file target02.cif (mmCIF, C-alpha atoms and all ligand atoms)
data_my_file
loop_
_atom_site.group_PDB
_atom_site.id
_atom_site.type_symbol
_atom_site.label_atom_id
_atom_site.label_comp_id
_atom_site.auth_asym_id
_atom_site.auth_seq_id
_atom_site.Cartn_x
_atom_site.Cartn_y
_atom_site.Cartn_z
ATOM 1 C CA MET B 637 -8.755 9.747 -13.303
ATOM 2 C CA LEU B 638 -7.487 10.191 -9.750
ATOM 3 C CA LYS B 639 -4.122 11.872 -9.394
ATOM 4 C CA ILE B 640 -1.279 10.224 -7.507
ATOM 5 C CA ALA B 641 0.178 12.158 -4.595
ATOM 6 C CA LYS B 642 3.941 12.240 -4.915
ATOM 7 C CA TYR B 643 6.582 12.449 -2.216
ATOM 8 C CA PRO B 644 7.097 14.821 -0.351
ATOM 9 C CA GLN B 645 3.384 15.796 -0.331
ATOM 10 C CA ALA B 646 2.147 16.069 3.265
ATOM 11 C CA ILE B 647 -0.858 13.729 2.741
ATOM 12 C CA LEU B 648 1.586 10.805 2.484
ATOM 13 C CA ARG B 649 2.743 11.406 6.071
ATOM 14 C CA LYS B 650 -0.711 11.586 7.666
ATOM 15 C CA THR B 651 -2.363 8.700 9.500
ATOM 16 C CA ALA B 652 -5.424 7.732 7.468
ATOM 17 C CA LYS B 653 -8.856 7.576 9.115
ATOM 18 C CA PRO B 654 -10.815 4.348 9.650
ATOM 19 C CA ILE B 655 -13.740 3.845 7.275
ATOM 20 C CA SER B 656 -17.212 3.386 8.751
ATOM 21 C CA ASP B 657 -19.521 4.074 5.790
ATOM 22 C CA PHE B 658 -19.634 1.160 3.381
ATOM 23 C CA ASN B 659 -21.558 3.065 0.762
ATOM 24 C CA ALA B 660 -21.606 3.425 -3.013
ATOM 25 C CA GLU B 661 -19.027 6.199 -2.785
ATOM 26 C CA LEU B 662 -16.540 3.818 -1.189
ATOM 27 C CA LYS B 663 -17.091 1.253 -3.946
ATOM 28 C CA LYS B 664 -16.525 3.991 -6.524
ATOM 29 C CA LEU B 665 -13.300 5.021 -4.795
ATOM 30 C CA ALA B 666 -12.029 1.413 -4.870
ATOM 31 C CA VAL B 667 -12.726 1.136 -8.616
ATOM 32 C CA ALA B 668 -11.075 4.506 -9.278
ATOM 33 C CA MET B 669 -8.026 3.473 -7.242
ATOM 34 C CA ALA B 670 -7.685 0.209 -9.162
ATOM 35 C CA GLU B 671 -7.922 2.166 -12.420
ATOM 36 C CA VAL B 672 -5.017 4.420 -11.436
ATOM 37 C CA MET B 673 -2.998 1.468 -10.169
ATOM 38 C CA PHE B 674 -3.330 -0.414 -13.454
ATOM 39 C CA ALA B 675 -2.763 2.719 -15.554
ATOM 40 C CA ASP B 676 0.569 3.255 -13.765
ATOM 41 C CA ASP B 677 1.566 -0.436 -13.726
ATOM 42 C CA GLY B 678 1.452 -0.630 -9.946
ATOM 43 C CA ILE B 679 0.577 -3.692 -7.876
ATOM 44 C CA GLY B 680 -0.798 -1.841 -4.897
ATOM 45 C CA LEU B 681 -2.237 1.527 -3.969
ATOM 46 C CA ALA B 682 -3.338 3.097 -0.683
ATOM 47 C CA GLY B 683 -5.929 5.838 -0.066
ATOM 48 C CA PRO B 684 -3.400 8.545 0.897
ATOM 49 C CA GLN B 685 -1.663 8.020 -2.463
ATOM 50 C CA VAL B 686 -4.737 9.438 -4.189
ATOM 51 C CA SER B 687 -5.073 12.138 -1.525
ATOM 52 C CA GLN B 688 -7.827 10.260 0.326
ATOM 53 C CA SER B 689 -6.894 10.008 3.985
ATOM 54 C CA GLN B 690 -8.935 6.810 4.426
ATOM 55 C CA ARG B 691 -7.925 3.293 5.416
ATOM 56 C CA ILE B 692 -8.414 1.533 2.101
ATOM 57 C CA ILE B 693 -5.908 -0.270 -0.107
ATOM 58 C CA VAL B 694 -6.163 -2.081 -3.437
ATOM 59 C CA VAL B 695 -3.807 -4.912 -4.309
ATOM 60 C CA GLY B 696 -3.267 -6.397 -7.755
ATOM 61 C CA ASP B 697 -1.422 -9.573 -8.665
ATOM 62 C CA GLY B 698 0.965 -8.044 -11.185
ATOM 63 C CA LYS B 699 -0.536 -10.088 -14.043
ATOM 64 C CA GLY B 700 -4.127 -9.592 -15.111
ATOM 65 C CA ASP B 701 -6.657 -7.003 -14.093
ATOM 66 C CA HIS B 702 -7.795 -8.783 -10.933
ATOM 67 C CA TYR B 703 -7.501 -6.847 -7.701
ATOM 68 C CA ASP B 704 -8.491 -7.177 -4.060
ATOM 69 C CA VAL B 705 -9.770 -4.396 -1.851
ATOM 70 C CA TYR B 706 -8.933 -4.224 1.845
ATOM 71 C CA VAL B 707 -10.809 -1.756 4.022
ATOM 72 C CA ASN B 708 -9.439 -1.002 7.513
ATOM 73 C CA PRO B 709 -6.708 -3.652 7.116
ATOM 74 C CA GLU B 710 -4.807 -4.756 10.216
ATOM 75 C CA ILE B 711 -1.836 -7.064 10.292
ATOM 76 C CA THR B 712 -2.621 -9.400 13.176
ATOM 77 C CA PHE B 713 0.387 -11.711 12.779
ATOM 78 C CA ALA B 714 3.798 -11.321 11.171
ATOM 79 C CA SER B 715 6.298 -14.181 10.918
ATOM 80 C CA LYS B 716 9.721 -13.837 12.542
ATOM 81 C CA GLU B 717 11.164 -15.097 9.285
ATOM 82 C CA LYS B 718 11.868 -12.216 6.937
ATOM 83 C CA ASP B 719 12.630 -11.705 3.262
ATOM 84 C CA THR B 720 14.375 -8.822 1.556
ATOM 85 C CA SER B 721 13.101 -7.556 -1.790
ATOM 86 C CA GLU B 722 13.425 -4.483 -3.948
ATOM 87 C CA GLU B 723 10.443 -2.165 -3.579
ATOM 88 C CA GLY B 724 9.250 0.840 -5.484
ATOM 89 C CA CYS B 725 6.261 3.132 -5.050
ATOM 90 C CA LEU B 726 3.974 5.093 -7.381
ATOM 91 C CA SER B 727 4.411 8.064 -5.039
ATOM 92 C CA LEU B 728 8.206 7.892 -5.392
ATOM 93 C CA PRO B 729 8.757 7.360 -9.128
ATOM 94 C CA GLY B 730 12.245 6.258 -10.148
ATOM 95 C CA ILE B 731 13.279 5.330 -6.614
ATOM 96 C CA PHE B 732 13.832 1.737 -5.492
ATOM 97 C CA GLY B 733 15.255 0.179 -2.363
ATOM 98 C CA ASN B 734 15.780 -3.089 -0.544
ATOM 99 C CA VAL B 735 13.328 -3.661 2.272
ATOM 100 C CA SER B 736 13.231 -6.564 4.718
ATOM 101 C CA ARG B 737 9.734 -7.633 5.804
ATOM 102 C CA PRO B 738 8.072 -10.606 7.490
ATOM 103 C CA LYS B 739 7.509 -13.421 4.986
ATOM 104 C CA LYS B 740 4.065 -14.442 6.160
ATOM 105 C CA ILE B 741 1.290 -12.338 7.627
ATOM 106 C CA HIS B 742 -2.282 -12.635 8.739
ATOM 107 C CA VAL B 743 -4.459 -9.721 7.760
ATOM 108 C CA LYS B 744 -7.862 -8.838 9.154
ATOM 109 C CA TYR B 745 -9.919 -6.388 7.114
ATOM 110 C CA GLN B 746 -13.391 -5.493 5.939
ATOM 111 C CA ASP B 747 -14.679 -5.954 2.423
ATOM 112 C CA LEU B 748 -16.611 -3.256 0.560
ATOM 113 C CA ASP B 749 -19.816 -4.356 2.307
ATOM 114 C CA GLY B 750 -18.250 -4.069 5.754
ATOM 115 C CA LYS B 751 -17.950 -7.818 6.317
ATOM 116 C CA VAL B 752 -14.922 -8.790 8.434
ATOM 117 C CA VAL B 753 -12.529 -11.142 6.652
ATOM 118 C CA LYS B 754 -9.319 -12.826 7.832
ATOM 119 C CA GLU B 755 -6.663 -13.942 5.376
ATOM 120 C CA LYS B 756 -3.266 -15.642 5.587
ATOM 121 C CA VAL B 757 -0.868 -14.208 3.031
ATOM 122 C CA LYS B 758 2.672 -14.959 1.880
ATOM 123 C CA GLY B 759 4.955 -14.130 -1.041
ATOM 124 C CA LEU B 760 4.626 -10.980 -3.130
ATOM 125 C CA LYS B 761 1.108 -10.261 -1.900
ATOM 126 C CA ALA B 762 2.320 -10.199 1.720
ATOM 127 C CA ILE B 763 4.978 -7.643 0.778
ATOM 128 C CA VAL B 764 2.481 -5.472 -1.096
ATOM 129 C CA ILE B 765 -0.041 -5.529 1.757
ATOM 130 C CA GLN B 766 2.636 -4.529 4.290
ATOM 131 C CA HIS B 767 3.844 -1.717 2.003
ATOM 132 C CA GLU B 768 0.282 -0.429 1.545
ATOM 133 C CA VAL B 769 -0.706 -0.707 5.224
ATOM 134 C CA ASP B 770 2.417 1.350 5.989
ATOM 135 C CA HIS B 771 1.000 4.087 3.726
ATOM 136 C CA LEU B 772 -2.106 4.227 5.955
ATOM 137 C CA ASP B 773 0.191 5.051 8.860
ATOM 138 C CA GLY B 774 2.238 7.644 6.970
ATOM 139 C CA ILE B 775 5.211 5.299 6.531
ATOM 140 C CA LEU B 776 7.063 5.039 3.203
ATOM 141 C CA PHE B 777 9.365 2.254 2.037
ATOM 142 C CA ILE B 778 12.309 4.686 2.039
ATOM 143 C CA ASP B 779 11.908 4.827 5.846
ATOM 144 C CA ARG B 780 12.475 1.074 6.046
ATOM 145 C CA ALA B 781 14.967 0.530 3.194
ATOM 146 C CA GLN B 782 18.385 -0.731 4.222
ATOM 147 C CA LYS B 783 19.684 0.452 0.897
ATOM 148 C CA ILE B 784 18.386 2.666 -1.907
ATOM 149 C CA THR B 785 19.219 0.678 -5.051
ATOM 150 C CA LYS B 786 18.061 3.189 -7.673
ATOM 151 C CA GLY B 787 17.234 6.891 -7.684
ATOM 152 C CA GLN B 788 19.264 8.083 -4.693
ATOM 153 C CA ASP B 789 19.914 11.292 -6.663
ATOM 154 C CA ILE B 790 16.175 11.830 -7.209
ATOM 155 C CA LEU B 791 15.550 11.265 -3.510
ATOM 156 C CA ASP B 792 18.296 13.710 -2.505
ATOM 157 C CA THR B 793 16.752 16.385 -4.733
ATOM 158 C CA LEU B 794 13.258 15.799 -3.300
ATOM 159 C CA LYS B 795 14.515 15.941 0.278
ATOM 160 C CA LYS B 796 16.055 19.402 -0.251
HETATM 161 ZN ZN ZN B 801 3.823 2.906 -2.054
#
call {"tool": "encode", "arguments": {"input": "target02.cif", "output": "structure tokens", "more": "lines below"}}
Ligand SMILES: [Zn+2]
result
Amino acid sequence: MLKIAKYPQAILRKTAKPISDFNAELKKLAVAMAEVMFADDGIGLAGPQVSQSQRIIVVGDGKGDHYDVYVNPEITFASKEKDTSEEGCLSLPGIFGNVSRPKKIHVKYQDLDGKVVKEKVKGLKAIVIQHEVDHLDGILFIDRAQKITKGQDILDTLKK
């Protein structure tokens, strides 16, 4: 099983590279990422979190074992209207914080065969996609949190 990169590992701060080869290896990576995500009860995971500096994210729905894969995702629209929710991250275990993000987004991405897809997303999925796309740009939710709600002590220790 793939290992999750934990804060403050440097890979989490790197900008991930666009994917151009839609090969069997990429499909294998997506499956392996979903496996790790479900094993750790996550609802989203980005390439850098498994030490792969590639623009791929997997997003679950928090219920069953269904997941969606977004390759080279780009947020092409974000609503002015925002919502604040408590976020956590598999790379920052035990730490949670309130983050304000646009409520509705449009995301343009490629599927595992390289086909370009456009999707309108709202609710929890919109939050997860924004959190994961941030990972591809080296941004963590603690950078955006107005308030750390749990684990400030853990974060202080890690920052030292
Ligand atoms: Zn995360």
call {"tool": "residues_around", "arguments": {"input": "target02.cif", "residues": "B:Phe658", "least_positions_apart": "4", "cutoff": "7 Å", "atoms": "all atoms listed in the file", "output": "list of chain:residue names"}}
result
B:Leu662, B:Leu748, B:Asp749, B:Gly750
call {"tool": "write_last_selection", "arguments": {"input": "target02.cif", "atoms": "C-alpha atoms", "output": "compact mmCIF listing (two decimals), in the coordinates of the input"}}
result
# COMPACT_ATOMS: atom_id res chain seq x y z
CA LEU B 662 -16.54 3.82 -1.19
CA LEU B 748 -16.61 -3.26 0.56
CA ASP B 749 -19.82 -4.36 2.31
CA GLY B 750 -18.25 -4.07 5.75
call {"tool": "residues_near_point", "arguments": {"input": "target02.cif", "point": "(14.6, -11.5, 5.1)", "cutoff": "10 Å", "atoms": "only C-alpha atoms", "output": "PyMOL selection string"}}
result
chain B and resi 716-721+735-739
call {"tool": "residues_near_ligand", "arguments": {"input": "target02.cif", "ligand": "ligand ZN 801 (chain B)", "cutoff": "10 Å", "atoms": "all atoms listed in the file", "output": "ChimeraX atom specification"}}
result
/B:642-643,648,678-682,684-685,723-729,764,766-771,775-778
call {"tool": "residues_near_point", "arguments": {"input": "target02.cif", "point": "(-7.4, 10.4, -4.2)", "cutoff": "12 Å", "atoms": "all atoms listed in the file", "output": "VMD selection string"}}
result
chain B and resid 637 to 642 647 to 648 662 664 to 673 681 to 693
call {"tool": "resolve_selection", "arguments": {"input": "target02.cif", "expression": "the PyMOL selection byres (((chain B and resi 705) around 7) and not hetatm)", "output": "PyMOL selection string"}}
result
chain B and resi 666+693-695+703-704+706-707+747
call {"tool": "closest_residue", "arguments": {"input": "target02.cif", "among": "B:Gly774, B:Gly696, B:Lys786, B:Arg780", "to": "B:Lys653", "atoms": "only C-alpha atoms"}}
result
B:Gly774
call {"tool": "closest_residue", "arguments": {"input": "target02.cif", "among": "B:Asp792, B:Gly787, B:Lys663, B:Gly698", "to": "B:Asp676", "atoms": "all atoms listed in the file"}}
result
B:Gly698
call {"tool": "closest_residue", "arguments": {"input": "target02.cif", "among": "B:Thr712, B:Thr651, B:Asn659, B:Gln782", "to": "B:Glu755", "atoms": "only C-alpha atoms"}}
result
B:Thr712
call {"tool": "closest_residue", "arguments": {"input": "target02.cif", "among": "B:Asp779, B:Asp773, B:Asp697, B:Asp657", "to": "B:Asn734", "atoms": "all atoms listed in the file"}}
result
B:Asp779
call {"tool": "axis_aligned_box", "arguments": {"input": "target02.cif", "around": "stretch 688-697 of chain B", "padding_each_side": "4 Å", "output": "lines of an AutoDock Vina configuration file"}}
result
center_x = -5.2
center_y = 0.3
center_z = -1.6
size_x = 15.5
size_y = 27.8
size_z = 22.1
